[in-house]
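*Asks:* Mind having a look at this structure? Questions to follow.
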Amino acid sequence: MDRQAGASRLLFSGSDWDFKKLSRVYDEIEAIGVEELHLDIYPVQMEIISSEQMLDAYSSVGMPLMYRHWSFGKHFLYNEFLYRKGGRGLAYELVINSNPCIVYLMEENTMALQALVTAHAALGHNHFFKNNQLFRQWTDADGILSYLNFAKGYIAHCEERHGMAAVEAVLDSAHALMEHGVFRYHRPPKLSSEQQREGLRERLEYEERSYSDLWRTLPPSQRVGKAEVRDEGEVERKKSLHLPEENLLYFLEKNSVVLEPWQREVIRIVRVVAQYFYPQRQTQVMNEGCATFVHYTLMNMLFERGRISEGAMLEILRNHSNVISQPAFDDPRFSGINPYALGLDMMQDIQRISTEPTAEDRDWFPDIAGRGDWRDTLLEAWANHRDESFIRQYLSPALIRKWRLFVLADGADQPHYEVASIHNERGYKKIRAALAQSYDIGSKRPDIQVVDVDLLGDRYLRLQHQVKDGIMLDGKSRDATLRHIRRLWGYDVNLAAIDAETGATLSQRSTRDL
Amino acid sequence: MPIFIDRRLNPKDKSLGNRQRFLRRAREELKRSIRDQISTGRIADADREHAVPMPEKGTSEPAFNDARDSGRRNHILPGNRTFNSGDLIPKPADGGGGLSSPGKTDSEDDFRFVLSREEVLDLFFEDLELPDLIKLNLKQILTFKPKRAGFATSGSPTNISVVRTMRNSHGRRIALRRPKQTELDAIAQQLAMLESQPPNAETLKRIAALREDFEQLERRRRRIAFVDPVDIRFNRFDPRPVPNASAVMFCLMDVSGSMGEREKDLAKRFFVLLHLFLTRRYERTELVFIRHTHEAQEVDEHTFFYHTQSGGTVVSTALEEMHRVIEQRYPPTEWNIYAAQASDGDNSSADSERCIELLDGKLMRLCQYFAYVEIIDERESHIFGATENGTSLWRAYSVIEQKWPNFQTRRIAAPADIYPVFRQLFARQPATRQSA
């Protein structure tokens, strides 16, 4: 290639793309990415799709195949509406965490955009999927497509066999609990169920053997002692059911007595899909930041080497700056913090700290400041962090100043917002902690757990909501969701709101009152 | 080198199944919006795409969510210019605004989506059935088409199968050894030759013998017919029922001075609805427009609706015209005949009697269905709404309505009345009516 003269060193010219150009560009970008950024990626499968197919993919939670459900139809209509109205552009690409990594390219993209997208998705996201700890541990990139294929077939089979309405009812209920269908802190417990059942049986036998009718005749003043016995029973029961259990779907799937086997399988499918997406939701800033950093760096390298024309680079930069625009809080376009912008800025900041640190940086980041090995630092961060820990560790005072971040305390009972911290010496750490906290998915979603149920008694299912900072549940959606739980559980359900700090019961809601 | 797959040519309707599931889910609500739109909007627009708001009932996806109005939380926002820590900022009154809604998502409430023409009509016509569906089914297969079905020994002379008949006769003649013409001819020739010779005893004897032979053969020939009734075969035809896939709709309207723009507009809406309905049901639907004053004539659609004509009102002329057109062009065995008549009810009582006669005696036997809508003044609607009193035509038609279940009358006062009336007319008939 080096032998060729100036103009022909360009990878492409003009805005039309064809498969030859795509392939040439991909090879070049991959070579640079591996060589310069030490990226490590899954093999890539690129699929060209139309805008309608992109809408399709949007509405089926971004997966190439999905079982059928009306809610996907609703989301399709909604996305289509926004798209047709011009309210929202479609993504230029969609990438799927699978092996091989599937990248969707829109047919409408120009060649320059395709190059950008290739660097962003096929290299950036792909590297992140393959190397990040969360994805490695929690998702099964090799198996997800075949699992979804099975899920789609299975649900279609169930619809045929049990009727659409029956399947829809289970799916509706399971979807309502999707957020609470993931294991956040541990992998599914591997219990030796045989041993368990054996233990339970022995205990029951012992109780029968030691049963004495005389106990019944004891005077009521002995109630304290009785309560203790009951407490013991409760403790054992909870232990045998692995309570408390945060994964509501898992609990219902395993323990509900009204579900038929196929219904359990349907719940399991929803649960697996939810679990699959759980890491993605924890690594938005990192994932997009990684991809954006990679495409920005690679595109600039290609341009410096004279492989991309100035016109194409201009188009790429225009799109790039659209993606990373971050309006200020009082801008009408403001809709929260843009993960692309935050991720890219933090990663470029790490690059800066590595190569040109200030005294402040040396103070804050003695480990990485001035060591010049920003590549390794980034690779390490991409591999081991999620949003919350990444921000907690790497958000620098310089970046807080650049973004002019501030924390606004919002008490529902206060008539005012209070500015809690701004970008000054006193505020840096607080802002960093608050921002990291806001990306902690564990604290963002309501914490609801199954705490108790008497399977041999009235089967009244008791849930507990750990109320943090006084944030209660929205009443209407709570009631509707409880009804869904009741449908899956088959018996009444009670949800108690417990203050996480004081342990006081703030409210009770039971399906008996609904 | 990555793998490339071009998916653009894949089937496009991948999400169709989801869409159908969604529409079924939201059916009730969508039906209501469509009904509202059609009954308030322009009738010509009924038969096309409609944008409807997102139905809320039955399509919410609940989950445990934080209540926005409780608790303490921190918002981390970029772009601080003037604030210092400890500053208090009053909350906006409506709770909205950029400041208080970080991470706010777009509301799904105000969005509308488009239903295709087919989907609209399906929703619109749901559980509207033609009157007396069972009867209709019977009537629909009233046309028969003959189909060849072998041969029969009896039938009408026009259906004689000559080939099959002659084959039978030939076989029978061979079997019974019917003398052939050539044998007779040979004997006759021999006789003529002998007779031409001078007679002697020998020849006379031979002549006598030959004559006897000849007569015997002749007798035999006469006894064994060339074509015997047992030979005759007829082509057999089975009548096969053929579904009747065409309908004709007669629009009858009074266009005399008493029918103003409003009345005509209402009548038109009713006609269009009926027509829409029929085009959904039948492969081929034709329209016949008959307007009348004191005389009736068949006209084209534009004239029907937009040209005025002065004159009195004699309703029976329209019925006669309709009968004439049916006899001329639309044999009831081939056509499902529907009629819709709109009028303000003015008619002389003598002519109303004549109408009863015509309908009862002729038309109702031919019609699948006859709907009469009387357009009344809005101010009168509360007077006439419930009572059986009314114009002379109304009273006359009430008699017919009692007698013929497929004859229906309704009153309309405002555009909004049409749809309910239409639904009433075509609502599933109670089972008791079917026996009538």
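Residues in the structure tokens are named by chain (A, B, ... in the order shown) and by number from 1 within that chain; ligands are numbered from 1 in the order shown.
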Residues at most 10 Å from region 425-430 of chain A, counting only C-alpha atoms, excluding those fewer than 6 positions away in the same chain, as an NGL selection string?

*Replies:* (:A and (392 or 395-401 or 405-407 or 436)) or (:B and (85))

*Asks:* Go ahead and write the residues just picked, C-alpha atoms, as a PDB file, in the first residue's frame.

*Replies:*
ATOM      1  CA  ARG A 392     -15.596   6.932  41.669  1.00  0.00           C
ATOM      2  CA  LEU A 395     -13.431  11.498  37.710  1.00  0.00           C
ATOM      3  CA  SER A 396     -10.839  14.255  38.101  1.00  0.00           C
ATOM      4  CA  PRO A 397     -11.220  17.758  39.533  1.00  0.00           C
ATOM      5  CA  ALA A 398     -10.135  19.139  36.167  1.00  0.00           C
ATOM      6  CA  LEU A 399     -13.071  17.431  34.479  1.00  0.00           C
ATOM      7  CA  ILE A 400     -15.493  18.542  37.163  1.00  0.00           C
ATOM      8  CA  ARG A 401     -14.373  22.093  36.528  1.00  0.00           C
ATOM      9  CA  LEU A 405     -20.822  20.027  37.654  1.00  0.00           C
ATOM     10  CA  PHE A 406     -22.891  20.770  40.693  1.00  0.00           C
ATOM     11  CA  VAL A 407     -25.079  18.783  43.023  1.00  0.00           C
ATOM     12  CA  ALA A 436     -20.933   7.632  41.006  1.00  0.00           C
TER      13      ALA A 436
ATOM     14  CA  SER B  85     -22.999  25.948  47.548  1.00  0.00           C
TER      15      SER B  85
END

*Asks:* Counting only C-alpha atoms, which residues in chain B sit no more than 6 Å from chain A? For each one, give the nearest pair of atoms and the distance in Å, sorted by chain then residue number, as JSON lines.

*Replies:*
{"residue": "B:Met1", "atom": "CA", "partner": "A:Asp27", "partner_atom": "CA", "distance": 5.9}
{"residue": "B:Pro2", "atom": "CA", "partner": "A:Val44", "partner_atom": "CA", "distance": 5.1}
{"residue": "B:Ile3", "atom": "CA", "partner": "A:Gln45", "partner_atom": "CA", "distance": 4.6}
{"residue": "B:Phe4", "atom": "CA", "partner": "A:Met46", "partner_atom": "CA", "distance": 4.8}
{"residue": "B:Ile5", "atom": "CA", "partner": "A:Glu47", "partner_atom": "CA", "distance": 4.6}
{"residue": "B:Asp6", "atom": "CA", "partner": "A:Ile48", "partner_atom": "CA", "distance": 4.9}
{"residue": "B:Arg7", "atom": "CA", "partner": "A:Ile49", "partner_atom": "CA", "distance": 5.2}
{"residue": "B:Arg8", "atom": "CA", "partner": "A:Ile49", "partner_atom": "CA", "distance": 4.8}
{"residue": "B:Asn18", "atom": "CA", "partner": "A:Gly73", "partner_atom": "CA", "distance": 4.4}
{"residue": "B:Arg19", "atom": "CA", "partner": "A:Gly73", "partner_atom": "CA", "distance": 4.4}
{"residue": "B:Arg21", "atom": "CA", "partner": "A:Trp70", "partner_atom": "CA", "distance": 4.8}
{"residue": "B:Phe22", "atom": "CA", "partner": "A:Trp70", "partner_atom": "CA", "distance": 4.2}
{"residue": "B:Pro62", "atom": "CA", "partner": "A:Ser477", "partner_atom": "CA", "distance": 5.1}
{"residue": "B:Ala63", "atom": "CA", "partner": "A:Ala176", "partner_atom": "CA", "distance": 4.8}
{"residue": "B:Phe64", "atom": "CA", "partner": "A:Arg478", "partner_atom": "CA", "distance": 5.4}
{"residue": "B:Asn65", "atom": "CA", "partner": "A:Leu473", "partner_atom": "CA", "distance": 5.6}
{"residue": "B:Asp66", "atom": "CA", "partner": "A:Leu473", "partner_atom": "CA", "distance": 4.4}
{"residue": "B:Ala67", "atom": "CA", "partner": "A:Asp474", "partner_atom": "CA", "distance": 4.0}
{"residue": "B:Asp69", "atom": "CA", "partner": "A:Ala412", "partner_atom": "CA", "distance": 5.5}
{"residue": "B:Ser70", "atom": "CA", "partner": "A:Ala412", "partner_atom": "CA", "distance": 5.0}
{"residue": "B:Gly71", "atom": "CA", "partner": "A:Gly470", "partner_atom": "CA", "distance": 4.0}
{"residue": "B:Arg72", "atom": "CA", "partner": "A:Gly411", "partner_atom": "CA", "distance": 4.3}
{"residue": "B:Arg73", "atom": "CA", "partner": "A:Asp410", "partner_atom": "CA", "distance": 5.3}
{"residue": "B:Asn74", "atom": "CA", "partner": "A:Ala409", "partner_atom": "CA", "distance": 4.7}
{"residue": "B:His75", "atom": "CA", "partner": "A:Leu408", "partner_atom": "CA", "distance": 5.0}
{"residue": "B:Ile76", "atom": "CA", "partner": "A:Val407", "partner_atom": "CA", "distance": 4.6}
{"residue": "B:Leu77", "atom": "CA", "partner": "A:Leu405", "partner_atom": "CA", "distance": 5.5}
{"residue": "B:Pro78", "atom": "CA", "partner": "A:Leu405", "partner_atom": "CA", "distance": 4.3}
{"residue": "B:Gly79", "atom": "CA", "partner": "A:Ala328", "partner_atom": "CA", "distance": 4.5}
{"residue": "B:Asn80", "atom": "CA", "partner": "A:Arg404", "partner_atom": "CA", "distance": 5.1}
{"residue": "B:Ser85", "atom": "CA", "partner": "A:Val419", "partner_atom": "CA", "distance": 5.0}
{"residue": "B:Gly86", "atom": "CA", "partner": "A:Val419", "partner_atom": "CA", "distance": 5.3}
{"residue": "B:Asp87", "atom": "CA", "partner": "A:Val419", "partner_atom": "CA", "distance": 5.2}
{"residue": "B:Leu88", "atom": "CA", "partner": "A:Glu418", "partner_atom": "CA", "distance": 4.6}
{"residue": "B:Ile89", "atom": "CA", "partner": "A:Tyr417", "partner_atom": "CA", "distance": 5.0}
{"residue": "B:Pro90", "atom": "CA", "partner": "A:His416", "partner_atom": "CA", "distance": 4.4}
{"residue": "B:Lys91", "atom": "CA", "partner": "A:His416", "partner_atom": "CA", "distance": 5.4}
{"residue": "B:Pro102", "atom": "CA", "partner": "A:Gly336", "partner_atom": "CA", "distance": 5.1}
{"residue": "B:Gly103", "atom": "CA", "partner": "A:Gly336", "partner_atom": "CA", "distance": 4.7}

*Asks:* Mind writing the picked residues with N, CA and C atoms as a compact mmCIF listing (two decimals), in the first residue's frame?

*Replies:*
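See selection_15.txt below for the written result:
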# COMPACT_ATOMS: atom_id res chain seq x y z
N MET B 1 -10.98 -9.58 7.90
CA MET B 1 -12.13 -9.59 6.97
C MET B 1 -13.37 -10.08 7.71
N PRO B 2 -14.28 -9.21 7.95
CA PRO B 2 -15.50 -9.61 8.66
C PRO B 2 -16.46 -10.34 7.73
N ILE B 3 -17.42 -10.98 8.33
CA ILE B 3 -18.48 -11.59 7.54
C ILE B 3 -19.50 -10.51 7.22
N PHE B 4 -19.91 -10.42 5.98
CA PHE B 4 -20.96 -9.46 5.64
C PHE B 4 -22.25 -10.20 5.33
N ILE B 5 -23.35 -9.70 5.86
CA ILE B 5 -24.65 -10.25 5.50
C ILE B 5 -25.55 -9.10 5.10
N ASP B 6 -26.09 -9.20 3.94
CA ASP B 6 -27.00 -8.15 3.49
C ASP B 6 -28.42 -8.53 3.89
N ARG B 7 -28.96 -7.83 4.87
CA ARG B 7 -30.29 -8.19 5.38
C ARG B 7 -31.39 -7.35 4.77
N ARG B 8 -31.02 -6.47 3.85
CA ARG B 8 -32.04 -5.51 3.40
C ARG B 8 -33.19 -6.18 2.68
N ASN B 18 -46.07 -8.72 16.19
CA ASN B 18 -46.16 -7.91 17.41
C ASN B 18 -47.22 -6.83 17.26
N ARG B 19 -47.29 -6.25 16.06
CA ARG B 19 -48.28 -5.21 15.83
C ARG B 19 -49.69 -5.76 15.97
N ARG B 21 -50.60 -8.33 17.66
CA ARG B 21 -50.86 -8.62 19.07
C ARG B 21 -51.21 -7.34 19.82
N PHE B 22 -50.52 -6.28 19.47
CA PHE B 22 -50.77 -5.02 20.14
C PHE B 22 -52.17 -4.50 19.80
N PRO B 62 -46.65 -1.92 33.73
CA PRO B 62 -46.28 -1.47 35.06
C PRO B 62 -44.99 -2.13 35.55
N ALA B 63 -44.35 -1.48 36.44
CA ALA B 63 -43.18 -2.03 37.13
C ALA B 63 -43.06 -1.22 38.41
N PHE B 64 -42.26 -1.72 39.33
CA PHE B 64 -42.06 -0.94 40.54
C PHE B 64 -41.23 0.30 40.20
N ASN B 65 -41.81 1.46 40.39
CA ASN B 65 -41.10 2.69 40.09
C ASN B 65 -41.11 3.60 41.30
N ASP B 66 -40.07 4.42 41.39
CA ASP B 66 -40.04 5.39 42.47
C ASP B 66 -41.08 6.47 42.23
N ALA B 67 -41.69 6.89 43.32
CA ALA B 67 -42.60 8.02 43.21
C ALA B 67 -41.76 9.28 43.13
N ASP B 69 -42.56 12.23 43.83
CA ASP B 69 -42.84 13.28 44.82
C ASP B 69 -42.53 12.83 46.24
N SER B 70 -41.55 11.97 46.38
CA SER B 70 -41.23 11.57 47.74
C SER B 70 -39.72 11.45 47.90
N GLY B 71 -39.29 11.59 49.12
CA GLY B 71 -37.90 11.30 49.44
C GLY B 71 -36.92 12.42 49.13
N ARG B 72 -35.67 12.09 49.40
CA ARG B 72 -34.59 13.05 49.16
C ARG B 72 -33.66 12.47 48.12
N ARG B 73 -33.29 13.27 47.18
CA ARG B 73 -32.36 12.75 46.17
C ARG B 73 -31.44 13.86 45.71
N ASN B 74 -30.39 13.46 45.03
CA ASN B 74 -29.43 14.42 44.50
C ASN B 74 -29.49 14.42 42.99
N HIS B 75 -29.48 15.58 42.40
CA HIS B 75 -29.33 15.67 40.95
C HIS B 75 -27.94 16.21 40.68
N ILE B 76 -27.23 15.55 39.78
CA ILE B 76 -25.92 16.05 39.40
C ILE B 76 -26.05 16.63 38.01
N LEU B 77 -25.81 17.90 37.89
CA LEU B 77 -26.08 18.58 36.63
C LEU B 77 -24.84 19.32 36.16
N PRO B 78 -24.67 19.41 34.86
CA PRO B 78 -23.53 20.15 34.32
C PRO B 78 -23.91 21.60 34.01
N GLY B 79 -22.90 22.43 33.85
CA GLY B 79 -23.14 23.78 33.33
C GLY B 79 -23.45 24.82 34.38
N ASN B 80 -22.92 24.66 35.59
CA ASN B 80 -23.15 25.66 36.63
C ASN B 80 -22.42 26.95 36.27
N SER B 85 -22.36 26.92 46.67
CA SER B 85 -23.00 25.95 47.55
C SER B 85 -23.79 26.65 48.63
N GLY B 86 -24.90 26.09 48.94
CA GLY B 86 -25.80 26.69 49.92
C GLY B 86 -26.89 27.53 49.29
N ASP B 87 -26.80 27.79 47.99
CA ASP B 87 -27.86 28.57 47.33
C ASP B 87 -29.17 27.78 47.32
N LEU B 88 -30.24 28.53 47.45
CA LEU B 88 -31.55 27.89 47.36
C LEU B 88 -32.21 28.32 46.06
N ILE B 89 -32.78 27.35 45.37
CA ILE B 89 -33.46 27.66 44.11
C ILE B 89 -34.91 27.24 44.26
N PRO B 90 -35.85 28.16 44.08
CA PRO B 90 -37.25 27.76 44.22
C PRO B 90 -37.63 26.75 43.15
N LYS B 91 -38.47 25.80 43.54
CA LYS B 91 -38.91 24.80 42.57
C LYS B 91 -39.96 25.39 41.65
N PRO B 102 -34.42 15.88 35.63
CA PRO B 102 -33.29 15.23 34.98
C PRO B 102 -33.67 13.81 34.60
N GLY B 103 -33.26 13.42 33.44
CA GLY B 103 -33.56 12.06 33.02
C GLY B 103 -35.01 11.84 32.67

*Asks:* Which residues in region 290-425 of chain B does DSSP call alpha helix (DSSP H)? List them as a PyMOL selection string.

*Replies:* chain B and resi 301-306+315-329+349-358+364-366+381-384+392-403+415-425

*Asks:* Residues as selected, C-alpha atoms, written as a PDB file, in the first residue's frame, can you do that?

*Replies:*
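Result saved to out-v6.pdb:
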ATOM      1  CA  GLU B 301     -74.295   9.700  -8.282  1.00  0.00           C
ATOM      2  CA  HIS B 302     -73.436  13.350  -8.757  1.00  0.00           C
ATOM      3  CA  THR B 303     -76.862  14.272  -9.994  1.00  0.00           C
ATOM      4  CA  PHE B 304     -78.349  12.280  -7.198  1.00  0.00           C
ATOM      5  CA  PHE B 305     -76.679  14.251  -4.488  1.00  0.00           C
ATOM      6  CA  TYR B 306     -76.162  17.668  -5.969  1.00  0.00           C
ATOM      7  CA  VAL B 315     -92.737   7.970  -3.026  1.00  0.00           C
ATOM      8  CA  SER B 316     -94.268   5.017  -4.817  1.00  0.00           C
ATOM      9  CA  THR B 317     -92.779   6.177  -8.118  1.00  0.00           C
ATOM     10  CA  ALA B 318     -89.326   5.483  -6.761  1.00  0.00           C
ATOM     11  CA  LEU B 319     -90.378   1.995  -5.694  1.00  0.00           C
ATOM     12  CA  GLU B 320     -91.835   1.330  -9.104  1.00  0.00           C
ATOM     13  CA  GLU B 321     -88.666   2.543 -10.748  1.00  0.00           C
ATOM     14  CA  MET B 322     -86.664   0.283  -8.514  1.00  0.00           C
ATOM     15  CA  HIS B 323     -88.830  -2.675  -9.412  1.00  0.00           C
ATOM     16  CA  ARG B 324     -88.395  -1.880 -13.069  1.00  0.00           C
ATOM     17  CA  VAL B 325     -84.612  -1.718 -12.770  1.00  0.00           C
ATOM     18  CA  ILE B 326     -84.524  -5.007 -10.890  1.00  0.00           C
ATOM     19  CA  GLU B 327     -86.592  -6.733 -13.533  1.00  0.00           C
ATOM     20  CA  GLN B 328     -84.472  -5.296 -16.261  1.00  0.00           C
ATOM     21  CA  ARG B 329     -80.964  -5.728 -14.937  1.00  0.00           C
ATOM     22  CA  SER B 349    -101.528   9.035   2.620  1.00  0.00           C
ATOM     23  CA  ALA B 350    -103.033   7.574  -0.536  1.00  0.00           C
ATOM     24  CA  ASP B 351     -99.601   7.091  -1.989  1.00  0.00           C
ATOM     25  CA  SER B 352     -98.352   5.595   1.277  1.00  0.00           C
ATOM     26  CA  GLU B 353    -100.978   2.898   0.847  1.00  0.00           C
ATOM     27  CA  ARG B 354     -99.614   2.279  -2.609  1.00  0.00           C
ATOM     28  CA  CYS B 355     -96.107   2.005  -1.182  1.00  0.00           C
ATOM     29  CA  ILE B 356     -97.259  -0.663   1.256  1.00  0.00           C
ATOM     30  CA  GLU B 357     -98.767  -2.545  -1.604  1.00  0.00           C
ATOM     31  CA  LEU B 358     -95.642  -2.349  -3.714  1.00  0.00           C
ATOM     32  CA  MET B 364     -89.709  -7.273  -0.236  1.00  0.00           C
ATOM     33  CA  ARG B 365     -89.698 -10.668  -1.920  1.00  0.00           C
ATOM     34  CA  LEU B 366     -86.762  -9.568  -4.022  1.00  0.00           C
ATOM     35  CA  SER B 381     -85.923  14.541  17.551  1.00  0.00           C
ATOM     36  CA  HIS B 382     -86.998  14.587  21.163  1.00  0.00           C
ATOM     37  CA  ILE B 383     -90.628  14.544  20.165  1.00  0.00           C
ATOM     38  CA  PHE B 384     -90.451  11.773  17.630  1.00  0.00           C
ATOM     39  CA  SER B 392     -97.603   9.260   6.904  1.00  0.00           C
ATOM     40  CA  LEU B 393     -94.734   7.406   5.283  1.00  0.00           C
ATOM     41  CA  TRP B 394     -93.341   6.471   8.695  1.00  0.00           C
ATOM     42  CA  ARG B 395     -96.669   5.059   9.773  1.00  0.00           C
ATOM     43  CA  ALA B 396     -97.064   3.190   6.536  1.00  0.00           C
ATOM     44  CA  TYR B 397     -93.592   1.723   6.747  1.00  0.00           C
ATOM     45  CA  SER B 398     -94.176   0.710  10.336  1.00  0.00           C
ATOM     46  CA  VAL B 399     -96.730  -1.733   9.006  1.00  0.00           C
ATOM     47  CA  ILE B 400     -94.185  -3.258   6.662  1.00  0.00           C
ATOM     48  CA  GLU B 401     -91.574  -3.379   9.398  1.00  0.00           C
ATOM     49  CA  GLN B 402     -93.904  -5.487  11.498  1.00  0.00           C
ATOM     50  CA  LYS B 403     -94.406  -7.915   8.732  1.00  0.00           C
ATOM     51  CA  PRO B 415     -74.697  13.328  11.932  1.00  0.00           C
ATOM     52  CA  ALA B 416     -73.823  11.768  15.237  1.00  0.00           C
ATOM     53  CA  ASP B 417     -77.020   9.725  15.063  1.00  0.00           C
ATOM     54  CA  ILE B 418     -76.005   7.933  11.930  1.00  0.00           C
ATOM     55  CA  TYR B 419     -73.488   5.617  13.319  1.00  0.00           C
ATOM     56  CA  PRO B 420     -75.615   4.350  16.195  1.00  0.00           C
ATOM     57  CA  VAL B 421     -78.475   3.927  13.754  1.00  0.00           C
ATOM     58  CA  PHE B 422     -76.258   2.079  11.382  1.00  0.00           C
ATOM     59  CA  ARG B 423     -75.080  -0.181  14.110  1.00  0.00           C
ATOM     60  CA  GLN B 424     -78.639  -0.782  15.200  1.00  0.00           C
ATOM     61  CA  LEU B 425     -79.713  -1.650  11.711  1.00  0.00           C
TER      62      LEU B 425
END

*Asks:* In Å, with one decimal, what is the gap from CA of Ser146 (chain A) to CA of Ser98 (chain A)?

*Replies:*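 A separation of 10.2 Å between them.
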
*Asks:* Please provide as a PDB file with N, CA and C atoms, in the first residue's frame all residues within 12 Å of Lys238 (chain A), with the sequence filter that same-chain residues fewer than 4 positions apart are discarded (counting only C-alpha atoms).

*Replies:*
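For reference, part13.pdb as written:
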ATOM      1  N   ASP A 231     -40.729 -18.546  65.861  1.00  0.00           N
ATOM      2  CA  ASP A 231     -39.623 -17.826  65.246  1.00  0.00           C
ATOM      3  C   ASP A 231     -38.601 -18.793  64.668  1.00  0.00           C
ATOM      4  N   GLU A 232     -38.343 -19.819  65.439  1.00  0.00           N
ATOM      5  CA  GLU A 232     -37.379 -20.795  64.963  1.00  0.00           C
ATOM      6  C   GLU A 232     -37.841 -21.418  63.649  1.00  0.00           C
ATOM      7  N   GLY A 233     -39.142 -21.756  63.633  1.00  0.00           N
ATOM      8  CA  GLY A 233     -39.702 -22.342  62.422  1.00  0.00           C
ATOM      9  C   GLY A 233     -39.562 -21.393  61.243  1.00  0.00           C
ATOM     10  N   GLU A 234     -39.788 -20.132  61.559  1.00  0.00           N
ATOM     11  CA  GLU A 234     -39.712 -19.139  60.504  1.00  0.00           C
ATOM     12  C   GLU A 234     -38.289 -19.043  59.966  1.00  0.00           C
ATOM     13  N   HIS A 242     -34.191 -19.960  50.882  1.00  0.00           N
ATOM     14  CA  HIS A 242     -33.153 -18.984  50.551  1.00  0.00           C
ATOM     15  C   HIS A 242     -33.684 -17.568  50.619  1.00  0.00           C
ATOM     16  N   LEU A 243     -34.434 -17.304  51.650  1.00  0.00           N
ATOM     17  CA  LEU A 243     -34.959 -15.961  51.807  1.00  0.00           C
ATOM     18  C   LEU A 243     -34.023 -15.167  52.700  1.00  0.00           C
ATOM     19  N   PRO A 244     -33.930 -13.878  52.589  1.00  0.00           N
ATOM     20  CA  PRO A 244     -34.644 -13.074  51.596  1.00  0.00           C
ATOM     21  C   PRO A 244     -34.073 -13.266  50.184  1.00  0.00           C
ATOM     22  N   GLU A 245     -34.934 -13.084  49.211  1.00  0.00           N
ATOM     23  CA  GLU A 245     -34.532 -13.291  47.822  1.00  0.00           C
ATOM     24  C   GLU A 245     -34.835 -12.007  47.036  1.00  0.00           C
ATOM     25  N   VAL A 450     -38.211 -10.731  48.507  1.00  0.00           N
ATOM     26  CA  VAL A 450     -39.143 -11.653  49.150  1.00  0.00           C
ATOM     27  C   VAL A 450     -38.578 -11.937  50.525  1.00  0.00           C
ATOM     28  N   VAL A 451     -39.347 -11.670  51.581  1.00  0.00           N
ATOM     29  CA  VAL A 451     -38.793 -11.933  52.902  1.00  0.00           C
ATOM     30  C   VAL A 451     -39.393 -13.160  53.563  1.00  0.00           C
ATOM     31  N   ASP A 452     -40.647 -13.426  53.298  1.00  0.00           N
ATOM     32  CA  ASP A 452     -41.212 -14.578  53.998  1.00  0.00           C
ATOM     33  C   ASP A 452     -42.442 -15.113  53.272  1.00  0.00           C
ATOM     34  N   VAL A 453     -42.616 -16.400  53.388  1.00  0.00           N
ATOM     35  CA  VAL A 453     -43.850 -17.007  52.920  1.00  0.00           C
ATOM     36  C   VAL A 453     -44.010 -18.349  53.625  1.00  0.00           C
ATOM     37  N   ASP A 454     -45.215 -18.603  54.038  1.00  0.00           N
ATOM     38  CA  ASP A 454     -45.487 -19.877  54.691  1.00  0.00           C
ATOM     39  C   ASP A 454     -46.123 -20.813  53.676  1.00  0.00           C
ATOM     40  N   LEU A 455     -45.278 -21.621  53.065  1.00  0.00           N
ATOM     41  CA  LEU A 455     -45.783 -22.463  51.977  1.00  0.00           C
ATOM     42  C   LEU A 455     -46.802 -23.492  52.470  1.00  0.00           C
ATOM     43  N   ARG A 462     -44.798 -12.396  51.416  1.00  0.00           N
ATOM     44  CA  ARG A 462     -44.440 -11.097  51.992  1.00  0.00           C
ATOM     45  C   ARG A 462     -43.207 -10.538  51.306  1.00  0.00           C
TER      46      ARG A 462
END

*Asks:* Might you pull out every residue within 7 Å of Ala141 (chain A), with only C-alpha atoms counted and same-chain residues fewer than 2 positions away left off, and present them as JSON, numbers by chain?

*Replies:* {"A": [97, 98, 99, 139, 143, 144]}

*Asks:* May I have the residues from that selection written out with N, CA and C atoms, as a compact mmCIF listing (two decimals), in the first residue's frame?

*Replies:*
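Just written: out-v8.txt:
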# COMPACT_ATOMS: atom_id res chain seq x y z
N ASN A 97 -23.93 -8.07 21.75
CA ASN A 97 -22.92 -8.77 22.52
C ASN A 97 -23.05 -10.27 22.28
N SER A 98 -22.43 -10.69 21.21
CA SER A 98 -22.49 -12.11 20.89
C SER A 98 -21.16 -12.50 20.25
N ASN A 99 -20.96 -13.75 20.12
CA ASN A 99 -19.74 -14.20 19.47
C ASN A 99 -20.12 -15.07 18.29
N THR A 139 -22.74 -12.61 31.23
CA THR A 139 -23.46 -12.92 29.99
C THR A 139 -22.72 -14.01 29.23
N GLY A 143 -23.67 -18.07 23.62
CA GLY A 143 -24.93 -18.81 23.60
C GLY A 143 -26.17 -17.98 23.42
N ILE A 144 -26.04 -16.65 23.46
CA ILE A 144 -27.26 -15.84 23.56
C ILE A 144 -28.14 -15.99 22.33
